[in-house]
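Everything on this sheet refers to the single structure shown next.
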Amino acid sequence: MFAVYADAPHPDDPLAGLVVGERPEPQVPDGWVAVTVRAASLNMHDLWTLRGVGIKAERFPMILGCDAAGVLADGSEVVVHSVITSPGWTGEETLDPRRSLLTEVHQGAFAETVVVPRANVLPKPASMGFADAACLSTAWLTAYRMLFVKSELRPGQTMLVQGASGGVATALIQLGRAAGLRVWATGRSEAKRALAAELGAHATFESGARLPEKVDGVFETVGEATWNHSMRSLKPGGVIVCSGSTTGGNPPADLQRLFFLQLRVVGSTMGTRAELADLISFMDVAGLRPSIGAELPMERAREGFEAMLGGDTAGKIVFTR
């Protein structure tokens with residue numbers, strides 16, 4: 001079958017391992033289902049996989065793609081939940097120490113067919129297109145959990161989104177605005193700040209700029225490049241919710257500020273099936289749709305990867321079939 005995959009890890013030149021070609025048809029174990037992929041979206045996780053981060057060398061070749069929406073054999077239109085738990089796990093999925101995402105252990109969604117546990121497919125609303133639905137189970141679910149499960153922020157409070165052009169950041173802006181928070185965002189360029197404003201940010205700022213006042217919560221996916229600004233932007237008792245570190249994972253901790261101002265730093269990873277179901281329902285009720293910066297046929301996947309690697313993103317990059 002047609003697939004977009006990594007043939008081997010390349011830490012210093014990730015696109016050297018990217019192949020657009022053919023892979024064997026997948027087997028469908030008992031309790032799993034085959035989804036005919038109609039759309040799948042690109043995530044930073046796919047670049048990490050190409051670098052060999054979070055995946056064992058013997059797992060290659062690995063079909064890429066965490067997110068997908070498609071059709072089951074009976075014609076049902078579904079969204080794929082990409083967090084796969086270990087056999088016998090009964091608790092919250094994100095707390096399973098042996099959990100994985102598609103592309104870490106099991107083959108991913110940039111293909112004609114993706115195979116997942118039956119419990120990992122959810123109904124797609126008829127009102128939502130496949131491209132929109134394909135953006136939800138990684139970036140949007142991560143943002144939903146950060147905001148509504150981890151931050152404890154309330155409508156009317158002020159949130160700051162750092163680096164507001166990627167998939168998680170743009171989702172946070174839209175979710176925060178829809179939930180009644182005052183949304184501020186930073187961006188490295190005028191175009192990125194304009195996108196944030198278009199998506200609902202009440203105010204935008206250059207990266208590292210002094211803010212008019214302190215905020216209740218900061219949402220971090222950038223890491224070292226913005227961490228100092230995030231810490232200094234918080235009110236006493238404020239919270240940073242972190243789900244990524246694209247510019248590095250070891251910034252100065254600033255412990256004196258942390259304890260003196262009684263700040264909270266909270267980690268957040270992906271989300272549960274139940275949270276994805278709530279996200280889909282919320283988006284359907286509120287009329288929210290992801291910001292898609294580029295929609296390409298899967299055969300042109302390399303163009304999307306090049307754009308993400310170069311930081312040339314303005315919302316989600318979606319591949320369709």
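Residues in the structure tokens are numbered from 1 in each chain, the chains being A, B, ... in the order shown, and ligands are numbered from 1 in the order shown.
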Mind dumping a table of every region 127-150 of chain A residue within 7 Å of region 276-285 of chain A, with the nearest atom pair and its distance in Å to one decimal, using only C-alpha atoms, sorted by chain and rising number, as JSON lines?
{"residue": "A:Ser137", "atom": "CA", "partner": "A:Leu276", "partner_atom": "CA", "distance": 6.7}
{"residue": "A:Leu141", "atom": "CA", "partner": "A:Leu276", "partner_atom": "CA", "distance": 5.9}
{"residue": "A:Tyr144", "atom": "CA", "partner": "A:Leu279", "partner_atom": "CA", "distance": 6.8}
Q: Run DSSP on the backbone of this structure and report the residues of region 14-142 of chain A it assigns to strand (DSSP E or B), as a ChimeraX atom specification.
A: /A:18-22,32-41,62-63,69-71,77-80,83-84,100-101,111,113-117,121-123
Limited to C-alpha atoms, could you put the picked residues into a file as a PDB file, in the first residue's frame?
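As a result, part14.pdb now contains:
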ATOM      1  CA  LEU A  18      11.783  10.296   4.691  1.00  0.00           C
ATOM      2  CA  VAL A  19      10.388   7.998   1.974  1.00  0.00           C
ATOM      3  CA  VAL A  20       7.195   8.409  -0.049  1.00  0.00           C
ATOM      4  CA  GLY A  21       6.564   4.959  -1.445  1.00  0.00           C
ATOM      5  CA  GLU A  22       5.079   1.541  -0.677  1.00  0.00           C
ATOM      6  CA  TRP A  32      -8.242  -4.061  16.273  1.00  0.00           C
ATOM      7  CA  VAL A  33      -9.782  -2.386  13.221  1.00  0.00           C
ATOM      8  CA  ALA A  34      -8.518  -1.144   9.881  1.00  0.00           C
ATOM      9  CA  VAL A  35      -9.268   2.502   9.072  1.00  0.00           C
ATOM     10  CA  THR A  36      -9.128   3.650   5.453  1.00  0.00           C
ATOM     11  CA  VAL A  37      -7.375   6.994   5.841  1.00  0.00           C
ATOM     12  CA  ARG A  38      -9.006  10.032   4.255  1.00  0.00           C
ATOM     13  CA  ALA A  39      -6.880  12.684   5.987  1.00  0.00           C
ATOM     14  CA  ALA A  40      -3.965  12.794   8.418  1.00  0.00           C
ATOM     15  CA  SER A  41      -2.124  15.734   9.945  1.00  0.00           C
ATOM     16  CA  MET A  62       8.102   3.159  10.497  1.00  0.00           C
ATOM     17  CA  ILE A  63       5.074   4.681   8.772  1.00  0.00           C
ATOM     18  CA  ALA A  69      -9.668  10.465  10.232  1.00  0.00           C
ATOM     19  CA  GLY A  70     -11.164   7.911   7.917  1.00  0.00           C
ATOM     20  CA  VAL A  71     -13.692   5.193   7.277  1.00  0.00           C
ATOM     21  CA  GLU A  77     -16.658   7.798   9.586  1.00  0.00           C
ATOM     22  CA  VAL A  78     -14.235   7.941  12.514  1.00  0.00           C
ATOM     23  CA  VAL A  79     -11.508   9.908  14.266  1.00  0.00           C
ATOM     24  CA  VAL A  80      -8.483   7.950  15.479  1.00  0.00           C
ATOM     25  CA  VAL A  83      -2.650   6.906  22.449  1.00  0.00           C
ATOM     26  CA  ILE A  84      -2.338   3.128  22.631  1.00  0.00           C
ATOM     27  CA  SER A 100       2.778   4.628  23.092  1.00  0.00           C
ATOM     28  CA  LEU A 101       1.627   6.875  20.291  1.00  0.00           C
ATOM     29  CA  ALA A 111      -0.852   5.531   4.498  1.00  0.00           C
ATOM     30  CA  THR A 113      -4.754   2.148   5.895  1.00  0.00           C
ATOM     31  CA  VAL A 114      -3.954   2.460   9.601  1.00  0.00           C
ATOM     32  CA  VAL A 115      -4.706  -0.307  12.124  1.00  0.00           C
ATOM     33  CA  VAL A 116      -5.634   0.583  15.727  1.00  0.00           C
ATOM     34  CA  PRO A 117      -7.439  -0.973  18.695  1.00  0.00           C
ATOM     35  CA  VAL A 121     -11.832   5.029  17.035  1.00  0.00           C
ATOM     36  CA  LEU A 122     -14.529   7.598  17.811  1.00  0.00           C
ATOM     37  CA  PRO A 123     -17.431   8.727  15.641  1.00  0.00           C
TER      38      PRO A 123
END
**Q.** alpha helix (DSSP H) residues, from DSSP on the backbone, in region 97-264 of chain A, as a PyMOL selection string
**A.** chain A and resi 130-133+141-144+167-178+190-199+224-232+255-260
Can you write out the residues you just picked, keeping C-alpha atoms, as a PDB file, in the first residue's frame?
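Resulting contents of part.pdb:
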ATOM      1  CA  PHE A 130     -12.091  14.713   7.317  1.00  0.00           C
ATOM      2  CA  ALA A 131      -9.289  17.309   7.143  1.00  0.00           C
ATOM      3  CA  ASP A 132     -10.590  19.106  10.245  1.00  0.00           C
ATOM      4  CA  ALA A 133     -11.140  15.846  12.123  1.00  0.00           C
ATOM      5  CA  LEU A 141      -6.363  17.056  22.263  1.00  0.00           C
ATOM      6  CA  THR A 142      -3.070  18.181  23.819  1.00  0.00           C
ATOM      7  CA  ALA A 143      -4.358  21.779  23.923  1.00  0.00           C
ATOM      8  CA  TYR A 144      -7.737  20.720  25.342  1.00  0.00           C
ATOM      9  CA  GLY A 167      -0.753  23.244  15.932  1.00  0.00           C
ATOM     10  CA  VAL A 168      -1.035  23.147  19.736  1.00  0.00           C
ATOM     11  CA  ALA A 169      -0.644  26.912  20.093  1.00  0.00           C
ATOM     12  CA  THR A 170      -3.287  27.785  17.515  1.00  0.00           C
ATOM     13  CA  ALA A 171      -5.655  25.284  19.128  1.00  0.00           C
ATOM     14  CA  LEU A 172      -5.074  26.885  22.540  1.00  0.00           C
ATOM     15  CA  ILE A 173      -5.954  30.315  21.160  1.00  0.00           C
ATOM     16  CA  GLN A 174      -9.208  29.090  19.646  1.00  0.00           C
ATOM     17  CA  LEU A 175     -10.209  26.995  22.665  1.00  0.00           C
ATOM     18  CA  GLY A 176      -9.364  29.766  25.123  1.00  0.00           C
ATOM     19  CA  ARG A 177     -11.348  32.354  23.187  1.00  0.00           C
ATOM     20  CA  ALA A 178     -14.349  30.025  22.904  1.00  0.00           C
ATOM     21  CA  GLU A 190       4.260  39.910  12.197  1.00  0.00           C
ATOM     22  CA  ALA A 191       2.596  37.204  10.097  1.00  0.00           C
ATOM     23  CA  LYS A 192       2.474  34.764  13.023  1.00  0.00           C
ATOM     24  CA  ARG A 193       1.047  37.433  15.320  1.00  0.00           C
ATOM     25  CA  ALA A 194      -1.534  38.328  12.695  1.00  0.00           C
ATOM     26  CA  LEU A 195      -2.604  34.688  12.512  1.00  0.00           C
ATOM     27  CA  ALA A 196      -2.993  34.569  16.303  1.00  0.00           C
ATOM     28  CA  ALA A 197      -5.197  37.679  16.194  1.00  0.00           C
ATOM     29  CA  GLU A 198      -7.264  36.236  13.359  1.00  0.00           C
ATOM     30  CA  LEU A 199      -7.866  33.081  15.416  1.00  0.00           C
ATOM     31  CA  GLU A 224      14.341  27.113  26.498  1.00  0.00           C
ATOM     32  CA  ALA A 225      13.782  30.050  24.129  1.00  0.00           C
ATOM     33  CA  THR A 226      10.689  31.306  25.972  1.00  0.00           C
ATOM     34  CA  TRP A 227      10.920  29.806  29.463  1.00  0.00           C
ATOM     35  CA  ASN A 228      12.410  32.837  31.204  1.00  0.00           C
ATOM     36  CA  HIS A 229       9.727  35.056  29.680  1.00  0.00           C
ATOM     37  CA  SER A 230       7.032  32.587  30.755  1.00  0.00           C
ATOM     38  CA  MET A 231       8.207  32.578  34.370  1.00  0.00           C
ATOM     39  CA  ARG A 232       8.424  36.372  34.509  1.00  0.00           C
ATOM     40  CA  LEU A 255      13.540  28.364  41.672  1.00  0.00           C
ATOM     41  CA  GLN A 256      13.547  31.512  43.794  1.00  0.00           C
ATOM     42  CA  ARG A 257      10.788  33.011  41.656  1.00  0.00           C
ATOM     43  CA  LEU A 258       8.996  29.667  41.694  1.00  0.00           C
ATOM     44  CA  PHE A 259       8.754  29.328  45.452  1.00  0.00           C
ATOM     45  CA  PHE A 260       8.540  33.004  46.403  1.00  0.00           C
TER      46      PHE A 260
END
Q) Expressed in Å to a single decimal, how great is the separation between CA of Glu92 (chain A) and CA of Thr272 (chain A)? A)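 The value is 6.8 Å.
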Q: Identify which of the residues A:Pro26, A:Gly223, A:Gly88, A:Gly271 lies closest to Asn250 (chain A), counting only C-alpha atoms when measuring atom-to-atom distances.
A: A:Gly223
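The spacing separating CA of Gly108 (chain A) from CA of Leu288 (chain A) amounts to 26.3 Å.
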Q: Show which residues sit within 6 Å of Gly315 (chain A), as a PyMOL selection string. Count only C-alpha atoms, and ignore same-chain residues fewer than 2 positions away.
A: chain A and resi 165-167+291-293+313
Q: Measure the distance from CA of Asp312 (chain A) to CA of Glu299 (chain A) in Å and round it to one decimal.
A: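 Between these atoms lies a distance of 19.6 Å.
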Q: Just the residues within 10 Å of Met44 (chain A), please, counting only C-alpha atoms, with nothing from its chain fewer than 4 positions along; format it as a list in words.
A: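 Near neighbours after the sequence-gap exclusion: Trp48, Thr49, Ala139, Gly166, Gly167, Gly244, Thr246, Phe305, Met308 and Leu309 of chain A.
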